[in-house]
$ cat work-v3.cif   # mmCIF, C-alpha atoms
data_coords
#
loop_
_atom_site.label_atom_id
_atom_site.label_comp_id
_atom_site.auth_asym_id
_atom_site.auth_seq_id
_atom_site.Cartn_x
_atom_site.Cartn_y
_atom_site.Cartn_z
CA MET A 1 43.76 137.99 53.45
CA PHE A 2 43.74 135.11 55.89
CA ALA A 3 45.81 133.00 53.46
CA THR A 4 48.46 135.73 53.24
CA LEU A 5 48.67 135.96 57.05
CA ALA A 6 49.03 132.17 57.36
CA ARG A 7 51.93 132.11 54.85
CA LEU A 8 53.67 134.91 56.80
CA LEU A 9 53.34 133.07 60.13
CA LYS A 10 54.64 129.85 58.56
CA ARG A 11 57.75 131.62 57.22
CA LEU A 12 58.33 133.24 60.63
CA HIS A 13 58.03 129.89 62.43
CA ALA A 14 60.45 128.28 60.00
CA GLY A 15 62.96 131.09 60.65
CA GLN A 16 62.66 130.57 64.40
CA ARG A 17 63.32 126.86 64.01
CA GLY A 18 66.46 127.64 62.06
CA GLN A 19 67.68 130.06 64.67
CA THR A 20 66.97 127.52 67.41
CA LEU A 21 68.93 124.88 65.53
CA ILE A 22 71.91 127.21 65.11
CA ALA A 23 71.79 128.24 68.78
CA GLY A 24 71.55 124.58 69.82
CA MET A 25 74.54 123.66 67.72
CA MET A 26 76.57 126.53 69.19
CA PHE A 27 75.58 125.47 72.71
CA MET A 28 76.68 121.89 72.00
CA VAL A 29 80.04 123.19 70.75
CA VAL A 30 80.48 125.17 73.98
CA ILE A 31 79.52 122.15 76.11
CA ALA A 32 81.86 119.88 74.15
CA GLY A 33 84.67 122.41 74.46
CA GLY A 34 84.09 122.74 78.19
CA ALA A 35 84.08 118.97 78.57
CA ALA A 36 87.32 118.72 76.59
CA ILE A 37 88.98 121.34 78.79
CA ALA A 38 87.70 119.54 81.91
CA VAL A 39 89.14 116.22 80.71
CA ASP A 40 92.55 117.72 79.92
CA THR A 41 92.57 119.70 83.17
CA GLY A 42 91.72 116.61 85.19
CA SER A 43 94.45 114.65 83.45
CA TYR A 44 96.95 117.46 84.14
CA ILE A 45 96.05 117.61 87.84
CA SER A 46 96.28 113.83 88.19
CA HIS A 47 99.67 113.77 86.47
CA ARG A 48 100.93 116.61 88.64
CA ARG A 49 99.80 114.80 91.81
CA SER A 50 101.61 111.61 90.79
CA LEU A 51 104.77 113.59 89.99
CA GLN A 52 104.65 115.31 93.38
CA ASN A 53 104.37 111.91 95.06
CA ALA A 54 107.35 110.74 93.01
CA ALA A 55 109.41 113.79 94.00
CA ASP A 56 108.56 113.25 97.68
CA ALA A 57 109.55 109.58 97.48
CA ILE A 58 112.82 110.34 95.68
CA ALA A 59 113.80 113.04 98.19
CA LEU A 60 112.99 110.89 101.24
CA ALA A 61 114.83 107.85 99.91
CA ALA A 62 117.92 109.86 98.92
CA SER A 63 118.05 111.87 102.17
CA GLN A 64 118.70 108.69 104.17
CA ASN A 65 122.17 108.61 102.57
CA LEU A 66 123.09 112.19 103.51
CA PRO A 67 125.53 113.75 104.13
CA ALA A 68 127.27 111.49 101.54
CA SER A 69 126.46 113.44 98.36
CA GLY A 70 127.45 110.71 95.92
CA ASP A 71 125.39 108.04 97.65
CA ALA A 72 122.38 110.34 97.94
CA LEU A 73 122.56 111.26 94.26
CA GLY A 74 122.83 107.61 93.25
CA VAL A 75 119.73 106.68 95.26
CA ALA A 76 117.85 109.64 93.78
CA GLU A 77 118.60 108.40 90.27
CA GLN A 78 117.50 104.86 91.17
CA TRP A 79 114.21 106.06 92.61
CA ALA A 80 113.62 108.37 89.66
CA GLU A 81 113.91 105.39 87.32
CA MET A 82 111.56 103.37 89.53
CA ASN A 83 109.00 106.18 89.27
CA GLY A 84 109.29 106.54 85.49
CA VAL A 85 111.17 109.85 85.60
CA GLU A 86 113.67 110.39 82.77
CA PRO A 87 117.18 111.68 83.67
CA GLY A 88 116.62 114.94 81.77
CA GLU A 89 113.42 115.62 83.72
CA MET A 90 115.09 115.76 87.16
CA SER A 91 117.57 118.07 88.81
CA VAL A 92 119.01 117.43 92.28
CA THR A 93 120.60 119.94 94.66
CA ILE A 94 122.40 118.83 97.83
CA THR A 95 122.94 121.39 100.58
CA GLN A 96 125.38 120.34 103.27
CA GLN A 97 125.10 121.32 106.91
CA SER A 98 126.41 124.82 107.58
CA LEU A 99 125.67 126.10 111.07
CA PRO A 100 123.79 128.13 112.01
CA SER A 101 122.00 128.81 108.72
CA GLU A 102 121.70 125.16 107.62
CA PRO A 103 121.36 122.92 110.69
CA ASN A 104 120.76 119.75 108.65
CA PRO A 105 121.97 118.24 105.35
CA LYS A 106 119.24 118.65 102.73
CA ILE A 107 118.44 117.32 99.28
CA THR A 108 116.10 119.13 96.89
CA VAL A 109 114.53 117.30 93.95
CA GLU A 110 112.94 119.22 91.08
CA LEU A 111 110.97 117.51 88.31
CA THR A 112 110.00 119.24 85.04
CA VAL A 113 107.82 117.15 82.71
CA ASP A 114 105.75 117.92 79.60
CA HIS A 115 102.15 116.77 79.87
CA GLY A 116 100.43 115.99 76.58
CA LEU A 117 96.99 117.53 75.98
CA THR A 118 94.42 115.57 73.99
CA PHE A 119 91.44 117.80 73.33
CA MET A 120 92.94 121.24 73.82
CA SER A 121 95.28 120.60 70.90
CA VAL A 122 92.47 121.85 68.62
CA LEU A 123 93.05 125.24 70.27
CA GLY A 124 96.76 125.04 69.53
CA MET A 125 97.82 123.77 72.97
CA ASN A 126 99.55 120.41 72.51
CA SER A 127 101.25 120.19 75.90
CA ALA A 128 101.66 121.91 79.25
CA GLU A 129 104.72 121.89 81.49
CA ILE A 130 104.47 120.46 85.01
CA GLU A 131 106.99 121.58 87.64
CA VAL A 132 107.12 120.03 91.12
CA SER A 133 109.76 119.97 93.83
CA ALA A 134 110.43 118.27 97.16
CA ALA A 135 113.10 118.76 99.81
CA ALA A 136 114.08 116.39 102.61
CA ILE A 137 116.60 116.53 105.44
CA ILE A 138 118.34 114.06 107.68
CA THR A 139 118.37 115.23 111.27
CA SER A 140 118.91 114.20 114.86
CA PRO A 141 115.93 114.14 117.22
CA GLY A 142 115.62 117.58 118.77
CA GLY A 143 112.70 117.03 121.09
CA SER A 144 110.02 114.56 122.04
CA ASP A 145 107.41 113.45 124.51
CA GLY A 146 106.61 109.80 125.26
CA LEU A 147 109.98 109.51 127.02
CA MET A 148 111.14 107.10 129.71
CA PRO A 149 112.00 108.74 133.06
CA TRP A 150 115.48 107.19 132.89
CA SER A 151 118.69 108.56 131.43
CA VAL A 152 122.03 107.70 129.87
CA LEU A 153 125.18 109.68 130.53
CA GLU A 154 126.69 111.28 127.45
CA GLU A 155 130.09 109.75 128.24
CA VAL A 156 128.55 106.27 128.47
CA LYS A 157 126.78 106.69 125.16
CA THR A 158 129.99 107.91 123.51
CA LEU A 159 131.87 104.76 124.58
CA ALA A 160 129.08 102.35 123.59
CA ASP A 161 128.46 100.76 120.20
CA PRO A 162 125.05 100.23 118.60
CA GLY A 163 123.48 97.10 120.03
CA ASP A 164 125.47 97.25 123.28
CA PRO A 165 123.56 96.81 126.55
CA VAL A 166 123.79 99.80 128.87
CA VAL A 167 122.32 100.70 132.25
CA LEU A 168 119.31 103.03 132.08
CA LYS A 169 118.70 103.06 135.84
CA TYR A 170 121.24 102.16 138.49
CA ASP A 171 120.46 100.52 141.81
CA SER A 172 121.72 101.02 145.36
CA ASN A 173 124.70 98.80 144.66
CA ASP A 174 125.94 101.09 141.88
CA VAL A 175 124.64 104.50 142.87
CA GLN A 176 126.00 107.61 141.12
CA THR A 177 126.52 110.54 143.53
CA GLY A 178 123.13 110.11 145.18
CA ASN A 179 121.20 109.59 141.93
CA PHE A 180 120.13 106.42 140.15
CA GLY A 181 119.52 107.81 136.67
CA ALA A 182 115.80 108.53 137.16
CA LEU A 183 114.25 111.82 136.02
CA ARG A 184 111.20 113.86 137.02
CA LEU A 185 109.69 114.22 133.56
CA ASP A 186 106.03 114.64 134.55
CA GLY A 187 106.53 115.67 138.17
CA ASN A 188 107.76 114.48 141.54
CA GLY A 189 106.79 111.28 143.32
CA ALA A 190 106.91 107.51 142.96
CA ASN A 191 103.42 107.16 141.49
CA ILE A 192 104.08 109.70 138.73
CA TYR A 193 107.41 108.03 138.05
CA ARG A 194 105.70 104.62 137.72
CA ASP A 195 103.03 105.93 135.33
CA THR A 196 105.63 107.68 133.20
CA ILE A 197 107.47 104.37 132.73
CA LYS A 198 104.25 102.57 131.81
CA PHE A 199 102.86 105.10 129.34
CA GLY A 200 105.73 107.44 128.43
CA SER A 201 105.95 111.08 129.47
CA GLU A 202 103.20 113.56 128.75
CA SER A 203 105.75 116.37 128.99
CA GLY A 204 108.25 117.04 126.23
CA LEU A 205 111.94 117.82 126.38
CA CYS A 206 114.32 119.37 123.88
CA ALA A 207 117.98 118.72 123.30
CA SER A 208 120.14 121.70 124.16
CA GLY A 209 120.85 124.03 121.27
CA VAL A 210 117.76 123.11 119.25
CA PRO A 211 116.18 126.27 117.77
CA ASP A 212 112.46 127.05 117.91
CA CYS A 213 111.69 124.59 120.70
CA ASP A 214 109.18 125.54 123.38
CA ASP A 215 110.02 122.64 125.71
CA PRO A 216 112.87 122.84 128.24
CA SER A 217 116.26 121.23 127.72
CA THR A 218 116.89 120.79 131.44
CA VAL A 219 115.12 118.37 133.77
CA GLN A 220 115.26 117.60 137.46
CA THR A 221 116.58 114.28 138.69
CA GLN A 222 114.48 111.91 140.83
CA PRO A 223 116.63 110.59 143.69
CA GLY A 224 115.86 107.24 145.29
CA ASN A 225 115.92 103.59 144.22
CA MET A 226 112.10 103.27 143.96
CA THR A 227 112.29 99.50 143.60
CA GLY A 228 108.54 98.85 143.79
CA PRO A 229 107.32 101.41 141.21
CA THR A 230 110.21 100.52 138.88
CA ARG A 231 109.39 96.80 139.01
CA GLN A 232 105.64 97.32 138.60
CA ALA A 233 105.99 99.61 135.58
CA THR A 234 108.78 97.64 133.89
CA ASP A 235 106.83 94.38 134.32
CA TYR A 236 103.85 96.14 132.72
CA ARG A 237 105.88 96.99 129.62
CA ILE A 238 107.42 93.53 129.35
CA ASP A 239 104.20 91.59 130.07
CA ASN A 240 102.09 93.65 127.65
CA THR A 241 104.49 93.54 124.70
CA ALA A 242 103.24 91.53 121.72
CA LEU A 243 104.78 88.04 121.67
CA ALA A 244 106.14 88.61 118.16
CA CYS A 245 108.09 91.68 119.36
CA ASP A 246 109.43 90.65 122.77
CA THR A 247 113.05 89.92 121.83
CA TRP A 248 115.82 91.96 120.20
CA GLU A 249 116.03 89.55 117.27
CA GLU A 250 112.28 89.76 116.61
CA THR A 251 112.17 93.54 116.82
CA VAL A 252 115.43 94.88 115.39
CA ILE A 253 117.08 94.17 112.04
CA GLU A 254 120.87 94.42 112.08
CA ASN A 255 121.96 95.84 108.71
CA GLY A 256 125.24 95.07 106.98
CA ASP A 257 126.62 98.58 107.61
CA GLY A 258 126.12 98.29 111.37
CA SER A 259 122.92 100.34 111.47
CA HIS A 260 119.55 99.01 112.57
CA SER A 261 116.02 98.95 111.22
CA ILE A 262 112.85 98.25 113.16
CA ARG A 263 110.70 95.48 111.76
CA PRO A 264 107.49 97.09 110.46
CA GLU A 265 105.29 94.71 112.46
CA CYS A 266 107.04 95.82 115.66
CA ASN A 267 107.26 99.56 114.97
CA PRO A 268 105.04 101.55 117.37
CA PHE A 269 106.06 104.93 115.94
CA THR A 270 104.45 104.78 112.49
CA ALA A 271 100.81 105.54 111.72
CA GLY A 272 98.88 102.36 112.38
CA GLY A 273 101.96 100.81 113.99
CA ASN A 274 102.02 98.16 116.68
CA GLU A 275 101.01 99.89 119.91
CA ASP A 276 101.81 96.69 121.82
CA SER A 277 105.51 96.90 120.96
CA LEU A 278 106.29 98.40 124.38
CA ARG A 279 109.94 97.41 124.61
CA LEU A 280 111.01 100.10 122.14
CA ILE A 281 111.63 103.17 124.28
CA ILE A 282 113.09 106.69 123.98
CA VAL A 283 115.54 107.80 126.68
CA PRO A 284 117.13 111.23 127.23
CA VAL A 285 120.92 111.45 127.11
CA ILE A 286 122.17 113.85 129.79
CA ASP A 287 125.45 115.66 130.31
CA SER A 288 126.10 114.57 133.90
CA LEU A 289 124.58 113.28 137.13
CA CYS A 290 124.54 115.25 140.35
CA ASN A 291 123.96 114.84 144.07
CA GLY A 292 120.32 114.92 145.16
CA ALA A 293 117.45 116.55 143.29
CA CYS A 294 119.12 118.90 140.82
CA TYR A 295 118.82 119.94 137.19
CA VAL A 296 120.69 118.22 134.36
CA THR A 297 120.91 119.11 130.66
CA VAL A 298 119.53 116.91 127.87
CA VAL A 299 122.05 116.73 125.02
CA GLU A 300 120.22 114.26 122.75
CA PHE A 301 117.81 111.32 122.70
CA ALA A 302 118.49 107.64 122.17
CA LEU A 303 116.29 104.77 121.02
CA PHE A 304 116.51 101.55 123.04
CA PHE A 305 115.20 98.03 123.21
CA LEU A 306 114.23 97.40 126.85
CA GLU A 307 116.13 94.26 127.89
CA GLY A 308 114.83 94.22 131.47
CA TYR A 309 116.58 93.83 134.81
CA GLY A 310 120.20 93.36 135.69
CA GLU A 311 121.54 90.17 137.27
CA GLY A 312 119.97 90.86 140.67
CA GLY A 313 116.44 91.39 139.35
CA CYS A 314 114.39 94.11 140.99
CA THR A 315 114.01 93.54 144.69
CA GLY A 316 115.51 95.10 147.79
CA ASN A 317 118.56 97.15 146.87
CA ASP A 318 118.80 95.50 143.45
CA CYS A 319 116.84 97.16 140.66
CA GLU A 320 119.01 97.87 137.67
CA ILE A 321 117.33 98.46 134.27
CA GLU A 322 119.17 97.62 131.04
CA GLY A 323 118.53 98.48 127.42
CA ARG A 324 120.30 98.03 124.08
CA PHE A 325 121.17 100.97 121.84
CA ILE A 326 119.41 101.10 118.47
CA GLN A 327 121.09 103.01 115.64
CA SER A 328 118.43 103.77 113.07
CA ASN A 329 116.75 106.38 110.89
CA THR A 330 113.44 105.84 112.66
CA ASN A 331 111.18 108.89 112.91
CA TYR A 332 109.36 108.51 116.20
CA GLY A 333 107.49 111.80 115.89
CA ALA A 334 110.38 113.78 117.29
CA LEU A 335 110.96 117.46 116.68
CA MET A 336 113.72 117.89 114.14
CA GLY A 337 116.92 119.16 115.67
CA VAL A 338 120.49 119.70 114.50
CA TYR A 339 122.16 116.88 112.61
CA ASP A 340 124.87 115.19 114.65
CA ALA A 341 126.68 112.25 113.08
CA GLY A 342 127.50 111.02 116.58
CA THR A 343 123.90 110.38 117.60
CA PHE A 344 122.60 106.83 117.22
CA ALA A 345 119.13 107.95 116.20
CA HIS A 346 118.51 109.92 112.98
CA PHE A 347 115.42 110.35 110.87
CA VAL A 348 114.47 111.92 107.56
CA ARG A 349 111.64 114.36 106.98
CA LEU A 350 110.17 116.39 104.15
CA VAL A 351 110.62 120.14 104.60
CA ASN A 352 109.52 123.23 102.73
#
$ encode --input "work-v3.cif" --output "structure tokens"
Amino acid sequence: MFATLARLLKRLHAGQRGQTLIAGMMFMVVIAGGAAIAVDTGSYISHRRSLQNAADAIALAASQNLPASGDALGVAEQWAEMNGVEPGEMSVTITQQSLPSEPNPKITVELTVDHGLTFMSVLGMNSAEIEVSAAAIITSPGGSDGLMPWSVLEEVKTLADPGDPVVLKYDSNDVQTGNFGALRLDGNGANIYRDTIKFGSESGLCASGVPDCDDPSTVQTQPGNMTGPTRQATDYRIDNTALACDTWEETVIENGDGSHSIRPECNPFTAGGNEDSLRLIIVPVIDSLCNGACYVTVVEFALFFLEGYGEGGCTGNDCEIEGRFIQSNTNYGALMGVYDAGTFAHFVRLVN
């Protein structure tokens, strides 16, 4: 009797071991399948991320040539080749400015690429399609803070060429209807005016006609020569500028087409840029000057290299400030506005 029971238990134990082996093998198959899916999924996500980066780079590079469609398309094709994108994998759409619905020229890049699957092919899936897109515009600065409390008349800017020196603040020997070109960006008073020159405005302004801007497009003038505060603040900017960025030639690259680029080592507007490049400044362009403290309209913004004082220096009645126009595609963190071919400053930006 005991022998019969022992044989029965032995057979039962052997059956359990067989079932355990089968279950273990099935579990290993599931784990292996899950790992295979994870590997292919990770590869797909990585490929998609690199393609999105490529689309962004192509759109940004091409948008710098807008609104010239042919030039923009040519640059897009060059950058696609640089990023390993085949011609048949990319489509490009250029949308020209059409006010008010399209305030800025725009280029849209769409990439469609087949991604090969390694492990999931056993399930009949050999590839998966990746679709990414990117759009970029070229625009004129629509608004900004960090401004100088000086100004340039629109008519003066219109007559000037890129690189020309212009007066940013007049003195008592060349006064304009009771004003000297100074603005009350952060408030009234000589001390506020001085600090705004040294550090840039805390308040923002918008160019007139820019949609969806919460900052004003009008600003009050600051009458008075204010020789002392002007000299103290301007000396601060000049004296604290990095030695490698304290001349026009060191800071600005003059391109063959007449435009300018800022040398990367002197660009204070990029992430991680040179914060000691204090002679690159942003100045409002206004429609007119007036008599006494009154409101003027900001029509655009201009990028300048701060040259310094006029011939008389900054003492007594003499305190003229001069700067040189920069024509570039530099994005200095400005709010995008409405593209105007007549503005010296443009920048490109990715949009939805």
$ residues_near_point --input "work-v3.cif" --point "(121.4, 117.1, 130.7)" --cutoff "7 Å" --atoms "all atoms listed in the file" --output "PyMOL selection string"
chain A and resi 218+285-288+296-299
$ residues_around --input "work-v3.cif" --residues "A:Lys157" --least-positions-apart "6" --cutoff "9 Å" --atoms "all atoms listed in the file" --output "PyMOL selection string"
chain A and resi 166+285+302+325+343-344
$ atom_distance --input "work-v3.cif" --atom1 "atom CA of A:Met336" --atom2 "atom CA of A:Val348"
8.9 Å
$ resolve_selection --input "work-v3.cif" --expression "the PyMOL selection byres ((chain A and resi 311) around 12)" --output "MDAnalysis selection string"
chainID A and resid 167 171 173 307:310 312:315 318:322
$ write_last_selection --input "work-v3.cif" --atoms "C-alpha atoms" --output "compact mmCIF listing (two decimals), keeping the file's coordinate frame"
# COMPACT_ATOMS: atom_id res chain seq x y z
CA VAL A 167 122.32 100.70 132.25
CA ASP A 171 120.46 100.52 141.81
CA ASN A 173 124.70 98.80 144.66
CA GLU A 307 116.13 94.26 127.89
CA GLY A 308 114.83 94.22 131.47
CA TYR A 309 116.58 93.83 134.81
CA GLY A 310 120.20 93.36 135.69
CA GLY A 312 119.97 90.86 140.67
CA GLY A 313 116.44 91.39 139.35
CA CYS A 314 114.39 94.11 140.99
CA THR A 315 114.01 93.54 144.69
CA ASP A 318 118.80 95.50 143.45
CA CYS A 319 116.84 97.16 140.66
CA GLU A 320 119.01 97.87 137.67
CA ILE A 321 117.33 98.46 134.27
CA GLU A 322 119.17 97.62 131.04
$ resolve_selection --input "work-v3.cif" --expression "the PyMOL selection byres ((chain A and resi 116) around 6)" --output "short mmCIF file (atom, residue, chain, number, x, y, z; two decimals) with C-alpha atoms, in the coordinates of the input"
data_model
loop_
_atom_site.label_atom_id
_atom_site.label_comp_id
_atom_site.auth_asym_id
_atom_site.auth_seq_id
_atom_site.Cartn_x
_atom_site.Cartn_y
_atom_site.Cartn_z
CA HIS A 115 102.15 116.77 79.87
CA LEU A 117 96.99 117.53 75.98
CA SER A 127 101.25 120.19 75.90
#
$ atom_distance --input "work-v3.cif" --atom1 "atom CA of A:Pro103" --atom2 "atom CA of A:Val338"
5.1 Å
$ atom_distance --input "work-v3.cif" --atom1 "atom CA of A:Ser201" --atom2 "atom CA of A:Thr251"
22.5 Å
$ closest_residue --input "work-v3.cif" --among "A:Asp71, A:Glu300, A:Trp150, A:Tyr295" --to "A:Thr230" --atoms "all atoms listed in the file"
A:Trp150
$ residues_around --input "work-v3.cif" --residues "stretch 52-65 of chain A" --least-positions-apart "4" --cutoff "8 Å" --atoms "all atoms listed in the file" --output "list in words"
Arg48, Ser69, Asp71, Ala72, Leu73, Gly74, Val75, Ala76, Trp79, Ala80, Asn83, Lys106, Ile107, Thr108, Val109, Glu110, Leu111, Val132, Ser133, Ala134, Ala135, Ala136, Ile137, Ile138, Asn329, Phe347, Val348, Arg349 and Leu350 of chain A
$ resolve_selection --input "work-v3.cif" --expression "the PyMOL selection byres ((chain A and resi 139-143) around 8)" --output "CSV table (one decimal) with C-alpha atoms, in the coordinates of the input"
chain,number,residue,atom,x,y,z
A,104,ASN,CA,120.8,119.8,108.6
A,105,PRO,CA,122.0,118.2,105.4
A,137,ILE,CA,116.6,116.5,105.4
A,138,ILE,CA,118.3,114.1,107.7
A,144,SER,CA,110.0,114.6,122.0
A,145,ASP,CA,107.4,113.4,124.5
A,204,GLY,CA,108.2,117.0,126.2
A,205,LEU,CA,111.9,117.8,126.4
A,206,CYS,CA,114.3,119.4,123.9
A,207,ALA,CA,118.0,118.7,123.3
A,210,VAL,CA,117.8,123.1,119.2
A,213,CYS,CA,111.7,124.6,120.7
A,215,ASP,CA,110.0,122.6,125.7
A,300,GLU,CA,120.2,114.3,122.8
A,301,PHE,CA,117.8,111.3,122.7
A,334,ALA,CA,110.4,113.8,117.3
A,335,LEU,CA,111.0,117.5,116.7
A,336,MET,CA,113.7,117.9,114.1
A,337,GLY,CA,116.9,119.2,115.7
A,338,VAL,CA,120.5,119.7,114.5
A,339,TYR,CA,122.2,116.9,112.6
A,340,ASP,CA,124.9,115.2,114.6
A,343,THR,CA,123.9,110.4,117.6
A,345,ALA,CA,119.1,108.0,116.2
A,346,HIS,CA,118.5,109.9,113.0
A,347,PHE,CA,115.4,110.4,110.9
A,348,VAL,CA,114.5,111.9,107.6
$ closest_residue --input "work-v3.cif" --among "A:Gln97, A:Val85, A:Leu51, A:Met148" --to "A:Leu66" --atoms "all atoms listed in the file"
A:Gln97
$ residues_around --input "work-v3.cif" --residues "A:Met226" --least-positions-apart "4" --cutoff "10 Å" --atoms "all atoms listed in the file" --output "list of chain:residue names"
A:Asp171, A:Ser172, A:Phe180, A:Ala182, A:Gly189, A:Ala190, A:Asn191, A:Tyr193, A:Arg194, A:Gln222, A:Thr230, A:Arg231, A:Cys314, A:Thr315, A:Gly316, A:Asn317, A:Cys319
$ residues_around --input "work-v3.cif" --residues "stretch 272-277 of chain A" --least-positions-apart "2" --cutoff "7 Å" --atoms "only C-alpha atoms" --output "JSON, numbers by chain"
{"A": [240, 241, 242, 245, 265, 266, 267, 268, 269, 270, 279, 280]}
$ write_last_selection --input "work-v3.cif" --atoms "C-alpha atoms" --output "CSV table (one decimal), in the coordinates of the input"
chain,number,residue,atom,x,y,z
A,240,ASN,CA,102.1,93.6,127.6
A,241,THR,CA,104.5,93.5,124.7
A,242,ALA,CA,103.2,91.5,121.7
A,245,CYS,CA,108.1,91.7,119.4
A,265,GLU,CA,105.3,94.7,112.5
A,266,CYS,CA,107.0,95.8,115.7
A,267,ASN,CA,107.3,99.6,115.0
A,268,PRO,CA,105.0,101.6,117.4
A,269,PHE,CA,106.1,104.9,115.9
A,270,THR,CA,104.4,104.8,112.5
A,279,ARG,CA,109.9,97.4,124.6
A,280,LEU,CA,111.0,100.1,122.1
$ closest_residue --input "work-v3.cif" --among "A:Tyr332, A:Phe304, A:Phe199, A:Tyr44" --to "A:His260" --atoms "all atoms listed in the file"
A:Phe304
$ residues_around --input "work-v3.cif" --residues "A:Glu254" --least-positions-apart "3" --cutoff "12 Å" --atoms "only C-alpha atoms" --output "PyMOL selection string"
chain A and resi 162-163+248-251+257-263+325-328
